[in-house]
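model29.txt, holding compact mmCIF, C-alpha atoms:
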```
# COMPACT_ATOMS: atom_id res chain seq x y z
CA MET I 1181 11.29 2.38 8.93
CA ARG I 1182 10.06 5.98 8.76
CA ILE I 1183 7.21 7.16 6.57
CA ASP I 1184 6.15 10.80 6.14
CA VAL I 1185 2.77 11.52 4.58
CA PHE I 1186 1.68 14.89 3.19
CA THR I 1187 -2.07 15.39 2.73
CA ILE I 1188 -4.78 18.04 3.00
CA PHE I 1189 -6.93 15.56 4.96
CA PRO I 1190 -4.71 14.18 7.76
CA ALA I 1191 -7.67 12.86 9.77
CA ILE I 1192 -8.34 10.22 7.10
CA LEU I 1193 -5.02 8.56 7.96
CA ARG I 1194 -4.70 9.03 11.70
CA GLY I 1195 -7.51 6.70 12.72
CA PRO I 1196 -6.34 3.62 10.78
CA LEU I 1197 -2.72 4.22 11.78
CA GLY I 1198 -3.67 3.64 15.42
CA GLU I 1199 -5.30 0.26 14.84
CA SER I 1200 -4.33 -3.37 14.33
CA LEU I 1201 -0.98 -4.24 12.76
CA LEU I 1202 -0.04 -0.64 11.97
CA GLY I 1203 -0.89 0.55 15.47
CA ARG I 1204 1.18 -2.22 17.03
CA ALA I 1205 4.14 -1.57 14.71
CA ILE I 1206 4.11 2.12 15.60
CA ALA I 1207 3.68 1.43 19.33
CA GLY I 1208 6.56 -1.06 19.16
CA ARG I 1209 8.77 1.51 17.40
CA LEU I 1210 9.24 -0.75 14.40
CA LEU I 1211 7.56 1.92 12.29
CA LYS I 1212 7.41 5.70 12.59
CA VAL I 1213 4.70 7.48 10.61
CA GLU I 1214 4.35 11.26 10.58
CA VAL I 1215 1.22 12.71 8.97
CA HIS I 1216 1.57 16.34 7.88
CA ASP I 1217 -1.10 18.83 6.79
CA LEU I 1218 0.04 20.12 3.41
CA ARG I 1219 -1.81 23.38 3.99
CA ASP I 1220 0.78 24.32 6.63
CA TRP I 1221 3.19 25.11 3.77
CA THR I 1222 0.93 27.32 1.63
CA GLY I 1223 2.13 30.72 2.88
CA ASP I 1224 -1.39 31.84 2.01
CA PRO I 1225 -3.85 33.20 4.62
CA HIS I 1226 -6.58 31.19 2.88
CA ARG I 1227 -4.38 28.05 2.95
CA ARG I 1228 -5.15 27.30 -0.70
CA VAL I 1229 -3.34 24.42 -2.34
CA ASP I 1230 -5.13 24.41 -5.72
CA ASP I 1231 -5.65 26.60 -8.76
CA GLU I 1232 -7.21 26.49 -12.23
CA PRO I 1233 -5.37 24.43 -14.86
CA PHE I 1234 -3.51 26.17 -17.67
CA GLY I 1235 -5.20 25.34 -20.97
CA GLY I 1236 -8.63 25.19 -19.38
CA GLY I 1237 -10.72 22.21 -18.48
CA PRO I 1238 -12.82 21.07 -15.53
CA GLY I 1239 -11.67 20.90 -11.92
CA MET I 1240 -8.65 22.26 -10.11
CA VAL I 1241 -4.98 21.25 -9.89
CA MET I 1242 -2.74 21.11 -6.82
CA THR I 1243 -0.11 23.84 -7.04
CA PRO I 1244 3.58 22.93 -6.83
CA ALA I 1245 4.87 25.43 -4.25
CA PRO I 1246 3.30 23.90 -1.10
CA VAL I 1247 4.34 20.39 -2.12
CA PHE I 1248 7.95 21.43 -2.76
CA ALA I 1249 8.12 23.38 0.51
CA ALA I 1250 6.60 20.51 2.49
CA VAL I 1251 8.81 17.76 1.12
CA GLU I 1252 11.96 19.91 1.22
CA SER I 1253 11.28 20.62 4.92
CA LEU I 1254 12.46 17.05 5.51
CA ASP I 1255 15.86 17.67 3.96
CA PRO I 1256 18.56 16.50 4.05
CA ASP I 1257 16.73 13.16 4.48
CA ARG I 1258 13.44 13.06 2.62
CA GLY I 1259 13.84 9.42 1.59
CA ARG I 1260 12.20 8.05 -1.53
CA VAL I 1261 9.37 10.38 -2.61
CA LEU I 1262 6.19 8.82 -3.98
CA LEU I 1263 3.18 10.68 -5.38
CA LEU I 1264 -0.05 8.68 -5.09
CA SER I 1265 -1.66 9.01 -8.51
CA PRO I 1266 -3.80 6.80 -10.80
CA ALA I 1267 -1.32 7.67 -13.56
CA GLY I 1268 1.57 6.04 -11.71
CA ARG I 1269 3.38 2.72 -11.73
CA ARG I 1270 0.98 0.08 -10.46
CA LEU I 1271 1.74 -1.36 -7.04
CA ASP I 1272 2.37 -5.10 -6.89
CA GLN I 1273 4.06 -7.38 -4.39
CA ALA I 1274 7.45 -7.07 -6.09
CA PHE I 1275 7.21 -3.26 -5.80
CA VAL I 1276 6.10 -3.63 -2.17
CA ARG I 1277 9.19 -5.72 -1.40
CA GLU I 1278 11.35 -3.09 -3.09
CA LEU I 1279 9.82 -0.31 -0.99
CA SER I 1280 10.11 -2.32 2.23
CA GLU I 1281 13.90 -2.19 1.88
CA GLU I 1282 13.90 1.61 2.03
CA PRO I 1283 14.63 3.16 5.44
CA HIS I 1284 12.50 6.22 4.68
CA LEU I 1285 9.52 6.84 2.39
CA THR I 1286 7.74 10.14 1.75
CA LEU I 1287 4.19 9.86 0.40
CA VAL I 1288 2.38 12.79 -1.21
CA CYS I 1289 -1.39 12.42 -1.50
CA GLY I 1290 -2.79 13.92 -4.67
CA ARG I 1291 -6.24 15.51 -4.86
CA TYR I 1292 -8.53 17.30 -7.32
CA GLU I 1293 -7.80 16.68 -11.02
CA GLY I 1294 -4.16 16.03 -10.27
CA VAL I 1295 -0.89 17.59 -9.13
CA ASP I 1296 1.22 20.05 -11.11
CA GLU I 1297 3.62 17.94 -13.20
CA ARG I 1298 6.60 19.92 -11.94
CA VAL I 1299 6.27 18.02 -8.65
CA VAL I 1300 7.13 14.82 -10.54
CA GLU I 1301 9.89 16.48 -12.55
CA GLY I 1302 11.47 18.72 -9.96
CA LEU I 1303 11.43 17.02 -6.57
CA PRO I 1304 11.58 14.45 -8.20
CA ALA I 1305 8.67 12.22 -7.19
CA GLU I 1306 7.75 8.76 -8.47
CA GLU I 1307 4.08 8.32 -9.34
CA LEU I 1308 2.49 5.26 -7.75
CA SER I 1309 -0.98 3.78 -8.32
CA ILE I 1310 -2.72 1.03 -6.34
CA GLY I 1311 -4.88 0.01 -9.29
CA ASP I 1312 -6.51 0.93 -12.57
CA TYR I 1313 -9.32 3.03 -11.13
CA VAL I 1314 -9.74 6.57 -9.83
CA LEU I 1315 -10.34 7.68 -6.23
CA SER I 1316 -10.98 11.18 -4.91
CA GLY I 1317 -7.52 11.42 -3.40
CA GLY I 1318 -4.32 9.66 -2.40
CA GLU I 1319 -5.08 9.13 1.29
CA LEU I 1320 -6.58 5.64 1.03
CA PRO I 1321 -3.88 4.53 -1.43
CA ALA I 1322 -1.26 5.86 1.02
CA LEU I 1323 -2.74 3.64 3.73
CA VAL I 1324 -2.63 0.68 1.36
CA VAL I 1325 1.04 1.32 0.63
CA ILE I 1326 1.88 1.72 4.33
CA GLU I 1327 0.07 -1.49 5.31
CA ALA I 1328 1.54 -3.57 2.48
CA VAL I 1329 5.09 -2.35 3.13
CA THR I 1330 4.87 -2.60 6.91
CA ARG I 1331 3.93 -6.29 6.78
CA LEU I 1332 7.38 -7.00 5.33
CA VAL I 1333 9.31 -5.04 7.95
CA ARG I 1334 11.17 -7.49 10.18
CA GLY I 1335 9.46 -8.01 13.52
CA VAL I 1336 6.06 -6.59 12.53
CA ILE I 1337 4.40 -9.97 11.90
CA GLY I 1338 4.84 -12.47 14.73
CA ALA I 1339 5.26 -15.49 12.46
CA GLU I 1340 7.86 -14.25 10.00
CA GLU I 1341 7.23 -17.11 7.59
CA SER I 1342 3.53 -16.27 7.23
CA HIS I 1343 4.05 -13.58 4.58
CA LEU I 1344 6.16 -16.03 2.58
CA ARG I 1345 2.91 -17.89 1.81
CA ASP I 1346 0.86 -14.83 0.90
CA SER I 1347 -0.68 -14.32 -2.48
CA PHE I 1348 1.94 -13.14 -5.01
CA SER I 1349 4.85 -14.24 -2.80
CA GLU I 1350 5.48 -16.57 -5.70
CA PRO I 1351 5.01 -14.56 -8.91
CA GLY I 1352 1.88 -15.47 -10.82
CA LEU I 1353 0.21 -17.38 -7.99
CA VAL I 1354 -2.42 -16.41 -5.42
CA ASP I 1355 -2.67 -18.05 -2.02
CA HIS I 1356 -4.24 -21.49 -1.58
CA PRO I 1357 -7.68 -21.91 0.08
CA HIS I 1358 -7.80 -21.99 3.87
CA TYR I 1359 -10.03 -23.99 6.23
CA THR I 1360 -10.60 -24.12 9.99
CA ARG I 1361 -13.09 -25.64 12.45
CA PRO I 1362 -15.76 -26.90 12.21
CA ARG I 1363 -14.78 -29.74 9.91
CA GLU I 1364 -18.27 -29.71 8.38
CA PHE I 1365 -20.35 -26.58 7.90
CA ARG I 1366 -23.71 -26.49 6.12
CA GLY I 1367 -22.90 -29.65 4.23
CA MET I 1368 -19.50 -28.41 3.12
CA THR I 1369 -16.52 -30.41 4.38
CA VAL I 1370 -12.82 -29.73 4.73
CA PRO I 1371 -10.75 -31.59 2.09
CA GLU I 1372 -9.69 -34.92 3.57
CA VAL I 1373 -6.01 -34.41 2.77
CA LEU I 1374 -5.83 -31.47 5.20
CA VAL I 1375 -6.79 -33.61 8.20
CA GLY I 1376 -4.78 -36.70 7.27
CA GLY I 1377 -1.48 -35.60 8.79
CA ASP I 1378 0.62 -36.22 5.66
CA HIS I 1379 2.49 -32.92 5.37
CA ALA I 1380 4.00 -33.68 1.98
CA ALA I 1381 0.54 -34.47 0.61
CA ILE I 1382 -0.81 -31.28 2.18
CA GLU I 1383 1.86 -29.19 0.48
CA ARG I 1384 1.12 -30.82 -2.88
CA TRP I 1385 -2.62 -30.17 -2.40
CA ARG I 1386 -2.04 -26.55 -1.44
CA ARG I 1387 0.12 -25.87 -4.45
CA GLU I 1388 -2.36 -27.44 -6.86
CA ALA I 1389 -5.28 -25.66 -5.16
CA ALA I 1390 -3.42 -22.36 -5.47
CA ARG I 1391 -2.98 -22.98 -9.21
CA ARG I 1392 -6.69 -23.73 -9.60
CA LYS I 1393 -7.69 -20.63 -7.64
CA THR I 1394 -5.31 -18.48 -9.67
CA GLY I 1395 -6.81 -19.79 -12.89
CA ARG I 1396 -10.33 -19.16 -11.62
CA ASN I 1397 -9.90 -15.72 -10.05
CA ARG I 1398 -6.87 -14.29 -11.87
CA PRO I 1399 -6.56 -15.90 -15.29
CA ASP I 1400 -4.36 -12.97 -16.32
CA LEU I 1401 -1.70 -14.29 -13.91
CA ALA I 1402 -2.06 -17.88 -15.07
CA GLN I 1403 -1.26 -17.09 -18.72
```

Could the structure of this file be written out as structure tokens, please?
Amino acid sequence: MRIDVFTIFPAILRGPLGESLLGRAIAGRLLKVEVHDLRDWTGDPHRRVDDEPFGGGPGMVMTPAPVFAAVESLDPDRGRVLLLSPAGRRLDQAFVRELSEEPHLTLVCGRYEGVDERVVEGLPAEELSIGDYVLSGGELPALVVIEAVTRLVRGVIGAEESHLRDSFSEPGLVDHPHYTRPREFRGMTVPEVLVGGDHAAIERWRREAARRKTGRNRPDLAQ
């Protein structure tokens, strides 16, 4: 899989991309990520990417020309273009699975009060949000998207079946509780069923425990 990221703060992404699962996936050539400085496409000696909004109002808006020039520099293969924006479609595991099947993704990191709407209309770009809250820019959301998608790329995770048990792998259900050694810690003990060796009983317990945890932590899913 190839992912291109356009941002005015490339350093925010480069550190995390060299670590842990993402770093190993890139080193193993299972994933190629190119981080581009959007200011390289401004054609402006001051490298400005923003301007005042038509109609007035606070803050600045990212101008369309650098974004178009940057993304179109990838042609003829720009892949699926996604604009990280709190106004976008909310990311969930089903959307992650959909994106993981794409051979090429292009991520545009928004900043300021937003991005000129003609980027969405004209490239076109799909708006994507990682949650119902606002951040200062799209760089951290881009990293979230890259990590979530990369986990589903074949060969990235050693135990392929592990992500099949993740939260949301089954719609409407979070993962079951996990325990490890020691068997007793500060008066709290591991549920007896998990050490009894009855695998069918363990699976039943895990499923019921996942339902309880979903109801406790995410009642919106349990409805």

Inset, instruction - Please identify all polymer residues within 12 Å of Arg1204 (chain I), counting only C-alpha atoms, omitting same-chain residues fewer than 5 positions from it, and present them as a list in words. - result: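 My list of contacting residues is Pro1196, Leu1197, Gly1198, Glu1199, Arg1209, Leu1210, Leu1211, Lys1212, Glu1327, Thr1330, Arg1331, Gly1335, Val1336, Ile1337 and Gly1338 of chain I.
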
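Of the listed residues (I:Asn1397, I:Thr1243, I:Gln1273, I:Thr1187), I:Thr1243 comes nearest to Val1299 (chain I); the distances count all atoms listed in the file.
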
Separating CA of Asp1272 (chain I) from CA of Ser1253 (chain I), to the nearest tenth of an Å, is a gap of 29.7 Å

Min atom-atom distance to Asp1220 (chain I) from the set I:Val1276, I:Leu1315, I:Leu1201, I:Ala1249, counting all atoms listed in the file, belongs to I:Ala1249

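With CA of Glu1282 (chain I) on one side and CA of Arg1219 (chain I) on the other, the separation reads 26.9 Å.
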
Q. Do you know which residues are at most 8 Å from region 1355-1365 of chain I counting all atoms listed in the file, after dropping those on the same chain fewer than 2 positions away, and could you put them as JSON, numbers by chain?
A. {"I": [1345, 1346, 1347, 1348, 1353, 1367, 1368, 1369, 1370, 1386, 1387, 1389, 1390, 1391, 1393]}

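Computed from the coordinates, the CA of Leu1332 (chain I) to CA of Leu1202 (chain I) distance equals 11.8 Å.
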
For Ala1267 (chain I), list every protein, DNA or RNA residue within 9 Å, evaluated using only C-alpha atoms, and leave out those in the same chain fewer than 6 positions away; present the list as JSON, numbers by chain.
{"I": [1307, 1308, 1309, 1312]}

Quick one: axis-aligned box around all listed atoms of region 1317-1329 of chain I, 3 Å on every side, centre and edge lengths in Å to one decimal, written as AutoDock Vina command-line options.
```
--center_x -1.2 --center_y 3.9 --center_z 1.0 --size_x 18.6 --size_y 21.0 --size_z 14.7
```

Check your understanding: Counting only C-alpha atoms, what is within 7 Å of region 1261-1266 of chain I, bar same-chain residues fewer than 5 positions away, as a list in words?
Key -> Leu1285, Thr1286, Leu1287, Val1288, Cys1289, Gly1290, Ala1305, Glu1306, Glu1307, Leu1308, Ser1309, Asp1312, Tyr1313, Val1314, Gly1318, Pro1321 and Ala1322 of chain I

Q. Residues around (-7.2, -11.4, -11.3), cut-off 12 Å, counting only C-alpha atoms - what are they as an NGL selection string?
A. :I and (1311 or 1347-1348 or 1352-1354 or 1393-1403)

How about saving the chosen residues, C-alpha atoms kept, as a PDB file, in the frame of the given file?
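Produced file selection-v8.pdb, reproduced below:
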```
ATOM      1  CA  GLY I1311      -4.880   0.010  -9.290  1.00  0.00           C
ATOM      2  CA  SER I1347      -0.680 -14.320  -2.480  1.00  0.00           C
ATOM      3  CA  PHE I1348       1.940 -13.140  -5.010  1.00  0.00           C
ATOM      4  CA  GLY I1352       1.880 -15.470 -10.820  1.00  0.00           C
ATOM      5  CA  LEU I1353       0.210 -17.380  -7.990  1.00  0.00           C
ATOM      6  CA  VAL I1354      -2.420 -16.410  -5.420  1.00  0.00           C
ATOM      7  CA  LYS I1393      -7.690 -20.630  -7.640  1.00  0.00           C
ATOM      8  CA  THR I1394      -5.310 -18.480  -9.670  1.00  0.00           C
ATOM      9  CA  GLY I1395      -6.810 -19.790 -12.890  1.00  0.00           C
ATOM     10  CA  ARG I1396     -10.330 -19.160 -11.620  1.00  0.00           C
ATOM     11  CA  ASN I1397      -9.900 -15.720 -10.050  1.00  0.00           C
ATOM     12  CA  ARG I1398      -6.870 -14.290 -11.870  1.00  0.00           C
ATOM     13  CA  PRO I1399      -6.560 -15.900 -15.290  1.00  0.00           C
ATOM     14  CA  ASP I1400      -4.360 -12.970 -16.320  1.00  0.00           C
ATOM     15  CA  LEU I1401      -1.700 -14.290 -13.910  1.00  0.00           C
ATOM     16  CA  ALA I1402      -2.060 -17.880 -15.070  1.00  0.00           C
ATOM     17  CA  GLN I1403      -1.260 -17.090 -18.720  1.00  0.00           C
TER      18      GLN I1403
END
```
